[in-house]
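Chemist: Dropping in work-v5.tsv, with TSV, C-alpha atoms.
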```tsv
chain	number	residue	atom	x	y	z
A	1	MET	CA	3.59	-43.62	92.71
A	2	LEU	CA	2.25	-40.14	93.38
A	3	ARG	CA	5.71	-38.63	92.65
A	4	SER	CA	5.95	-40.39	89.30
A	5	CYS	CA	2.57	-39.05	88.29
A	6	SER	CA	3.66	-35.58	89.32
A	7	GLN	CA	6.78	-35.78	87.18
A	8	LEU	CA	4.76	-37.06	84.17
A	9	THR	CA	2.30	-34.23	84.47
A	10	LYS	CA	5.12	-31.69	84.51
A	11	SER	CA	6.65	-33.23	81.38
A	12	GLU	CA	3.37	-33.10	79.59
A	13	VAL	CA	2.97	-29.48	80.58
A	14	GLU	CA	6.44	-28.66	79.21
A	15	ASP	CA	5.63	-30.43	75.94
A	16	SER	CA	2.38	-28.52	75.70
A	17	ASP	CA	4.17	-25.22	76.23
A	18	SER	CA	6.74	-26.07	73.52
A	19	LEU	CA	3.99	-26.94	71.07
A	20	SER	CA	2.23	-23.66	71.79
A	21	GLU	CA	5.43	-21.74	71.13
A	22	ARG	CA	5.91	-23.51	67.79
A	23	CYS	CA	2.34	-22.76	66.79
A	24	CYS	CA	2.84	-19.10	67.66
A	25	ARG	CA	5.99	-18.91	65.57
A	26	LEU	CA	4.29	-20.56	62.60
A	27	ALA	CA	1.36	-18.18	62.87
A	28	LEU	CA	3.76	-15.23	63.02
A	29	HIS	CA	5.61	-16.39	59.91
A	30	ALA	CA	2.33	-16.86	58.05
A	31	ALA	CA	1.18	-13.37	59.03
A	32	CYS	CA	4.45	-11.86	57.81
A	33	ALA	CA	4.18	-13.69	54.51
A	34	ALA	CA	0.62	-12.47	54.05
A	35	LEU	CA	1.72	-8.89	54.72
A	36	LEU	CA	4.47	-9.19	52.10
A	37	VAL	CA	1.97	-10.45	49.52
A	38	ILE	CA	-0.44	-7.62	50.26
A	39	ALA	CA	2.36	-5.05	50.04
A	40	GLY	CA	3.41	-6.46	46.66
A	41	CYS	CA	-0.13	-6.23	45.34
A	42	LEU	CA	-0.47	-2.65	46.52
A	43	GLN	CA	2.82	-1.73	44.88
A	44	GLY	CA	1.71	-3.36	41.62
A	45	CYS	CA	-1.57	-1.47	41.66
A	46	GLY	CA	0.22	1.82	42.19
A	47	SER	CA	2.65	1.37	39.28
A	48	GLU	CA	1.83	2.36	35.71
A	49	ALA	CA	0.42	-0.26	33.41
A	50	PRO	CA	2.89	-1.53	30.80
A	51	LYS	CA	2.71	0.53	27.64
A	52	PRO	CA	1.75	-1.33	24.49
A	53	GLU	CA	4.45	-1.83	21.92
A	54	ALA	CA	4.59	0.82	19.26
A	55	GLU	CA	2.85	-0.11	16.03
A	56	THR	CA	5.16	-1.22	13.28
A	57	THR	CA	5.46	1.57	10.76
A	58	LYS	CA	5.14	0.75	7.08
A	59	PRO	CA	8.39	0.98	5.15
A	60	ALA	CA	8.69	4.17	3.17
A	61	GLU	CA	8.16	3.89	-0.55
A	62	PRO	CA	11.39	4.16	-2.53
A	63	ALA	CA	12.13	7.65	-3.71
A	64	ILE	CA	11.80	8.37	-7.43
A	65	PRO	CA	15.32	8.78	-8.89
A	66	GLU	CA	16.18	12.31	-9.86
A	67	ASP	CA	16.90	11.38	-13.48
A	68	VAL	CA	13.42	9.86	-13.76
A	69	GLN	CA	11.82	13.01	-12.39
A	70	ASP	CA	13.84	15.12	-14.81
A	71	ALA	CA	12.79	12.92	-17.73
A	72	ALA	CA	9.14	13.22	-16.68
A	73	LYS	CA	9.37	17.01	-16.74
A	74	VAL	CA	10.90	16.91	-20.22
A	75	MET	CA	8.07	14.70	-21.49
A	76	LEU	CA	5.07	16.52	-20.02
A	77	GLY	CA	6.26	19.69	-18.31
A	78	SER	CA	7.03	20.82	-14.78
A	79	GLU	CA	3.64	19.77	-13.37
A	80	THR	CA	4.16	16.13	-14.30
A	81	GLN	CA	3.66	13.42	-11.69
A	82	VAL	CA	5.49	10.09	-11.72
A	83	LEU	CA	2.79	7.48	-11.05
A	84	LEU	CA	4.81	4.28	-11.45
A	85	TYR	CA	8.44	3.40	-12.00
A	86	GLY	CA	10.22	0.07	-12.51
A	87	ASP	CA	10.09	-3.00	-14.73
A	88	LEU	CA	6.52	-2.23	-15.77
A	89	ALA	CA	6.44	-4.47	-18.87
A	90	LYS	CA	8.37	-7.35	-17.22
A	91	THR	CA	11.08	-7.13	-19.89
A	92	GLY	CA	13.95	-6.32	-17.56
A	93	LYS	CA	14.04	-2.69	-18.66
A	94	GLN	CA	13.05	0.28	-16.53
A	95	GLN	CA	9.88	2.07	-17.56
A	96	VAL	CA	7.98	4.99	-16.10
A	97	LEU	CA	4.33	6.07	-16.13
A	98	VAL	CA	3.91	9.84	-15.88
A	99	ALA	CA	0.86	12.07	-16.18
A	100	ASN	CA	-0.57	15.54	-15.89
A	101	VAL	CA	-3.02	14.96	-13.06
A	102	VAL	CA	-5.96	17.27	-12.56
A	103	PRO	CA	-5.93	18.38	-8.88
A	104	ASN	CA	-9.04	17.81	-6.78
A	105	THR	CA	-10.49	15.11	-8.99
A	106	PRO	CA	-14.29	15.60	-8.98
A	107	LYS	CA	-16.50	12.82	-7.65
A	108	SER	CA	-17.77	10.44	-10.28
A	109	VAL	CA	-19.32	7.01	-10.66
A	110	VAL	CA	-16.17	6.05	-12.57
A	111	ALA	CA	-13.18	5.31	-10.36
A	112	GLY	CA	-9.77	6.65	-11.22
A	113	THR	CA	-7.67	9.78	-11.46
A	114	VAL	CA	-8.45	12.54	-13.92
A	115	VAL	CA	-5.54	13.21	-16.28
A	116	THR	CA	-5.16	15.33	-19.36
A	117	ARG	CA	-2.03	13.62	-20.64
A	118	ALA	CA	-0.05	10.50	-19.79
A	119	VAL	CA	3.09	8.86	-21.14
A	120	VAL	CA	4.83	5.52	-20.72
A	121	ALA	CA	8.54	5.71	-21.53
A	122	GLU	CA	11.43	3.24	-21.37
A	123	ASN	CA	15.07	3.76	-20.45
A	124	ASP	CA	17.13	2.60	-23.43
A	125	ASP	CA	20.82	2.80	-22.51
A	126	GLY	CA	20.34	5.99	-20.54
A	127	LYS	CA	17.93	7.61	-23.00
A	128	TRP	CA	14.20	7.76	-22.27
A	129	VAL	CA	12.15	6.64	-25.26
A	130	GLU	CA	8.40	7.28	-25.40
A	131	LEU	CA	6.39	4.08	-25.95
A	132	PHE	CA	2.81	5.25	-25.42
A	133	ARG	CA	1.07	8.60	-25.18
A	134	CYS	CA	-2.37	9.69	-24.10
A	135	ASP	CA	-3.52	13.23	-24.91
A	136	GLU	CA	-6.73	13.78	-26.87
A	137	TYR	CA	-6.12	10.33	-28.34
A	138	LEU	CA	-4.34	7.10	-27.41
A	139	LYS	CA	-1.21	6.54	-29.50
A	140	ASN	CA	1.97	4.50	-29.82
A	141	SER	CA	4.82	4.51	-32.32
A	142	LYS	CA	2.64	2.78	-34.97
A	143	GLY	CA	-0.37	5.09	-34.82
A	144	PHE	CA	-3.67	5.44	-33.01
A	145	LEU	CA	-4.78	2.64	-30.71
A	146	ALA	CA	-7.94	0.76	-31.58
A	147	LEU	CA	-11.12	1.95	-29.77
A	148	THR	CA	-9.74	5.48	-29.49
A	149	PRO	CA	-12.69	7.92	-29.77
A	150	LEU	CA	-12.87	9.78	-33.08
A	151	GLN	CA	-13.61	13.02	-31.27
A	152	ALA	CA	-10.82	14.59	-29.27
A	153	VAL	CA	-10.92	13.90	-25.53
A	154	THR	CA	-9.69	16.61	-23.18
A	155	GLY	CA	-9.78	14.54	-20.01
A	156	TRP	CA	-9.55	10.88	-19.05
A	157	LYS	CA	-10.25	8.83	-15.97
A	158	LEU	CA	-7.14	6.72	-15.54
A	159	GLN	CA	-6.90	3.49	-13.56
A	160	TYR	CA	-3.73	1.44	-13.49
A	161	GLU	CA	-2.25	-1.63	-11.84
A	162	ASN	CA	1.12	-3.35	-11.96
A	163	GLY	CA	0.63	-7.12	-11.83
A	164	PRO	CA	3.39	-9.59	-10.95
A	165	THR	CA	3.19	-11.42	-14.31
A	166	GLN	CA	1.40	-9.25	-16.86
A	167	GLY	CA	2.95	-6.02	-15.67
A	168	LEU	CA	1.34	-2.64	-16.22
A	169	SER	CA	-2.35	-2.47	-17.17
A	170	LEU	CA	-3.92	0.89	-18.00
A	171	TYR	CA	-7.63	1.68	-18.24
A	172	PHE	CA	-8.69	4.95	-19.89
A	173	THR	CA	-12.27	6.20	-19.69
A	174	PRO	CA	-13.00	9.36	-21.70
A	175	ILE	CA	-14.71	12.14	-19.77
A	176	LYS	CA	-17.62	13.66	-21.64
A	177	ALA	CA	-18.58	17.05	-20.27
A	178	GLY	CA	-22.25	17.88	-19.95
A	179	THR	CA	-23.50	14.34	-20.38
A	180	SER	CA	-24.37	11.44	-18.10
A	181	GLU	CA	-23.46	8.90	-20.75
A	182	ARG	CA	-21.02	6.32	-19.46
A	183	SER	CA	-18.21	5.00	-21.63
A	184	LEU	CA	-16.45	1.69	-21.21
A	185	PRO	CA	-12.78	1.91	-20.25
A	186	ILE	CA	-10.19	1.24	-22.91
A	187	ALA	CA	-7.63	-1.28	-21.68
A	188	VAL	CA	-3.99	-0.81	-22.71
A	189	ARG	CA	-1.27	-3.34	-21.98
A	190	TRP	CA	2.20	-4.33	-23.15
A	191	ASN	CA	2.07	-6.89	-25.97
A	192	PRO	CA	5.16	-9.11	-25.67
A	193	GLU	CA	4.78	-10.28	-29.30
A	194	THR	CA	4.70	-6.85	-30.95
A	195	LYS	CA	6.79	-5.32	-28.16
A	196	ARG	CA	4.62	-2.25	-27.74
A	197	TYR	CA	1.61	-1.03	-25.78
A	198	GLN	CA	-1.69	-1.81	-27.50
A	199	SER	CA	-5.38	-1.62	-26.65
A	200	MET	CA	-7.38	-4.75	-25.96
A	201	ASP	CA	-10.84	-6.04	-26.82
A	202	ALA	CA	-13.78	-5.95	-24.40
A	203	SER	CA	-12.79	-9.27	-22.83
A	204	TYR	CA	-9.27	-7.98	-22.09
A	205	THR	CA	-7.77	-11.08	-23.71
A	206	ASN	CA	-6.90	-10.09	-27.31
A	207	PHE	CA	-4.73	-7.24	-28.51
A	208	LEU	CA	-6.03	-4.91	-31.22
A	209	MET	CA	-4.01	-3.42	-34.04
A	210	GLU	CA	-3.44	0.30	-34.43
A	211	ALA	CA	-4.65	2.68	-37.14
A	212	ALA	CA	-2.07	4.74	-39.01
A	213	SER	CA	-4.41	7.74	-39.14
A	214	LEU	CA	-7.61	8.95	-37.53
A	215	ASP	CA	-9.01	11.76	-39.66
A	216	HIS	CA	-5.67	13.52	-39.22
A	217	PRO	CA	-6.21	14.67	-35.61
A	218	ARG	CA	-3.91	17.31	-34.24
A	219	SER	CA	-3.22	17.75	-30.56
A	220	THR	CA	-3.89	21.18	-29.05
A	221	LEU	CA	-2.46	20.24	-25.64
A	222	ARG	CA	1.01	21.50	-24.86
```
Turn this file's structure into structure tokens for me.

Modeler:
Amino acid sequence: MLRSCSQLTKSEVEDSDSLSERCCRLALHAACAALLVIAGCLQGCGSEAPKPEAETTKPAEPAIPEDVQDAAKVMLGSETQVLLYGDLAKTGKQQVLVANVVPNTPKSVVAGTVVTRAVVAENDDGKWVELFRCDEYLKNSKGFLALTPLQAVTGWKLQYENGPTQGLSLYFTPIKAGTSERSLPIAVRWNPETKRYQSMDASYTNFLMEAASLDHPRSTLR
């Protein structure tokens, strides 16, 4: 009986030793895993942060064709700027808006670009035909546009937009030197019925007819 108890105690001791060894191994594995995690964190902290993606650049505006630039120079001289080019009247034909822009436009309560002259022309089978001209007066092939000032204007504030349905809209405000008087802009748009650029009434809904003469004005701008 005493021998059996002695053998049982020895077996229990061996089992206890085996359990201790397993616990030690598990603890060692856990410690190694923890060290690997810490090392990974330290490595991540030491590396550079990911660089943000480069901002998407806006596509470059299409270059003005050379023949359009040449036509602009013929119409208004070497200092002419091409402001718009394309199907401006929504007729399927290419048109161009060019102008002599005054550099360093002075600040004003009226928005827009100061111009001395401007022309809208259309490409008719390879030949550029002038449809509208702004110098001291506003004119088309039929005469002087309605609302054009009787006195010659040497500078205009020009605003323009190219809508998806109506096409090109122009707004001309005469600049009066030495006065604070404000003038309302004169709206000019393509009239699909008469097939020419005409001025519009104050509501910008009705086209106005031209005048064949305006006290016989003569342009001094060249």

Chemist: Calculated over only C-alpha atoms, which of the candidates A:Leu147, A:Val74, A:Ile175, A:Leu168 has the smallest distance to A:Asp201?

Modeler: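 Smallest distance to A:Asp201 is found for A:Leu147.
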
Chemist: Quick one, how far is atom CA of A:Glu130 from atom CA of A:Ala71?

Modeler: 10.5 Å

Chemist: Can you work out which one of A:Pro174, A:Pro65, A:Gly167, A:Gly155 has the shortest atom-to-atom distance to A:Trp190, counting only C-alpha atoms?

Modeler: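 Nearest candidate to A:Trp190 out of A:Pro174, A:Pro65, A:Gly167, A:Gly155: A:Gly167.
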
Chemist: Work out how far atom CA of A:Val101 is from atom CA of A:Thr80, in Å to one decimal.

Modeler: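 Atom CA of A:Val101 lies at a distance of 7.4 Å from atom CA of A:Thr80.
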
Chemist: Of the candidates A:Ala63, A:Val114, A:Leu131, A:Val82, which one gets nearest to A:Gly143 if we count all atoms listed in the file?

Modeler: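 Residue with the minimum atom-to-atom distance to A:Gly143: A:Leu131.
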
Chemist: Which one of A:Pro185, A:Gly112, A:Gly126, A:Gly86 sits closest to A:Pro149 if you count all atoms listed in the file?

Modeler: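 Among A:Pro185, A:Gly112, A:Gly126, A:Gly86, it is A:Pro185 that comes nearest to A:Pro149.
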
Chemist: Select, from A:Met200, A:Ala187, A:Val115, A:Val102, the residue with the minimum atom-to-atom distance to A:Trp156, counting only C-alpha atoms.

Modeler: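 Closest to A:Trp156 of all the choices is A:Val115.
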
Chemist: Would you list the contacts of A:Phe144 as a ChimeraX atom specification, taking every protein, DNA or RNA residue within 9 Å and counting only C-alpha atoms, but skipping same-chain residues closer than 6 positions in sequence?

Modeler: /A:137-138,209-214

Chemist: Which one of A:Val120, A:Thr205, A:Ser141, A:Leu76 sits closest to A:Gln95 if you count only C-alpha atoms?

Modeler: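 Ranked by minimum distance to A:Gln95, first place goes to A:Val120.
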
Chemist: Which neighbours of A:Leu88 fall inside 12 Å, counting only C-alpha atoms, when residues of the same chain fewer than 3 positions from it are skipped, and could you give them as an MDAnalysis selection string?

Modeler: chainID A and resid 83:85 91:97 120:123 131 160:170 189:190 197

Chemist: What separation in Å, quoted to one decimal, exists between atom CA of A:Lys176 and atom CA of A:Lys157?

Modeler: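 Atom-to-atom, atom CA of A:Lys176 and atom CA of A:Lys157 are spaced 10.5 Å apart.
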
Chemist: For stretch 70-81 of chain A, I'd like the enclosing box, axis-aligned and padded by 5 Å on every side, reported as JSON with centre and edge lengths in Å to one decimal.

Modeler:
```
{"center_x": 8.7, "center_y": 16.9, "center_z": -16.6, "size_x": 20.2, "size_y": 17.9, "size_z": 19.8}
```
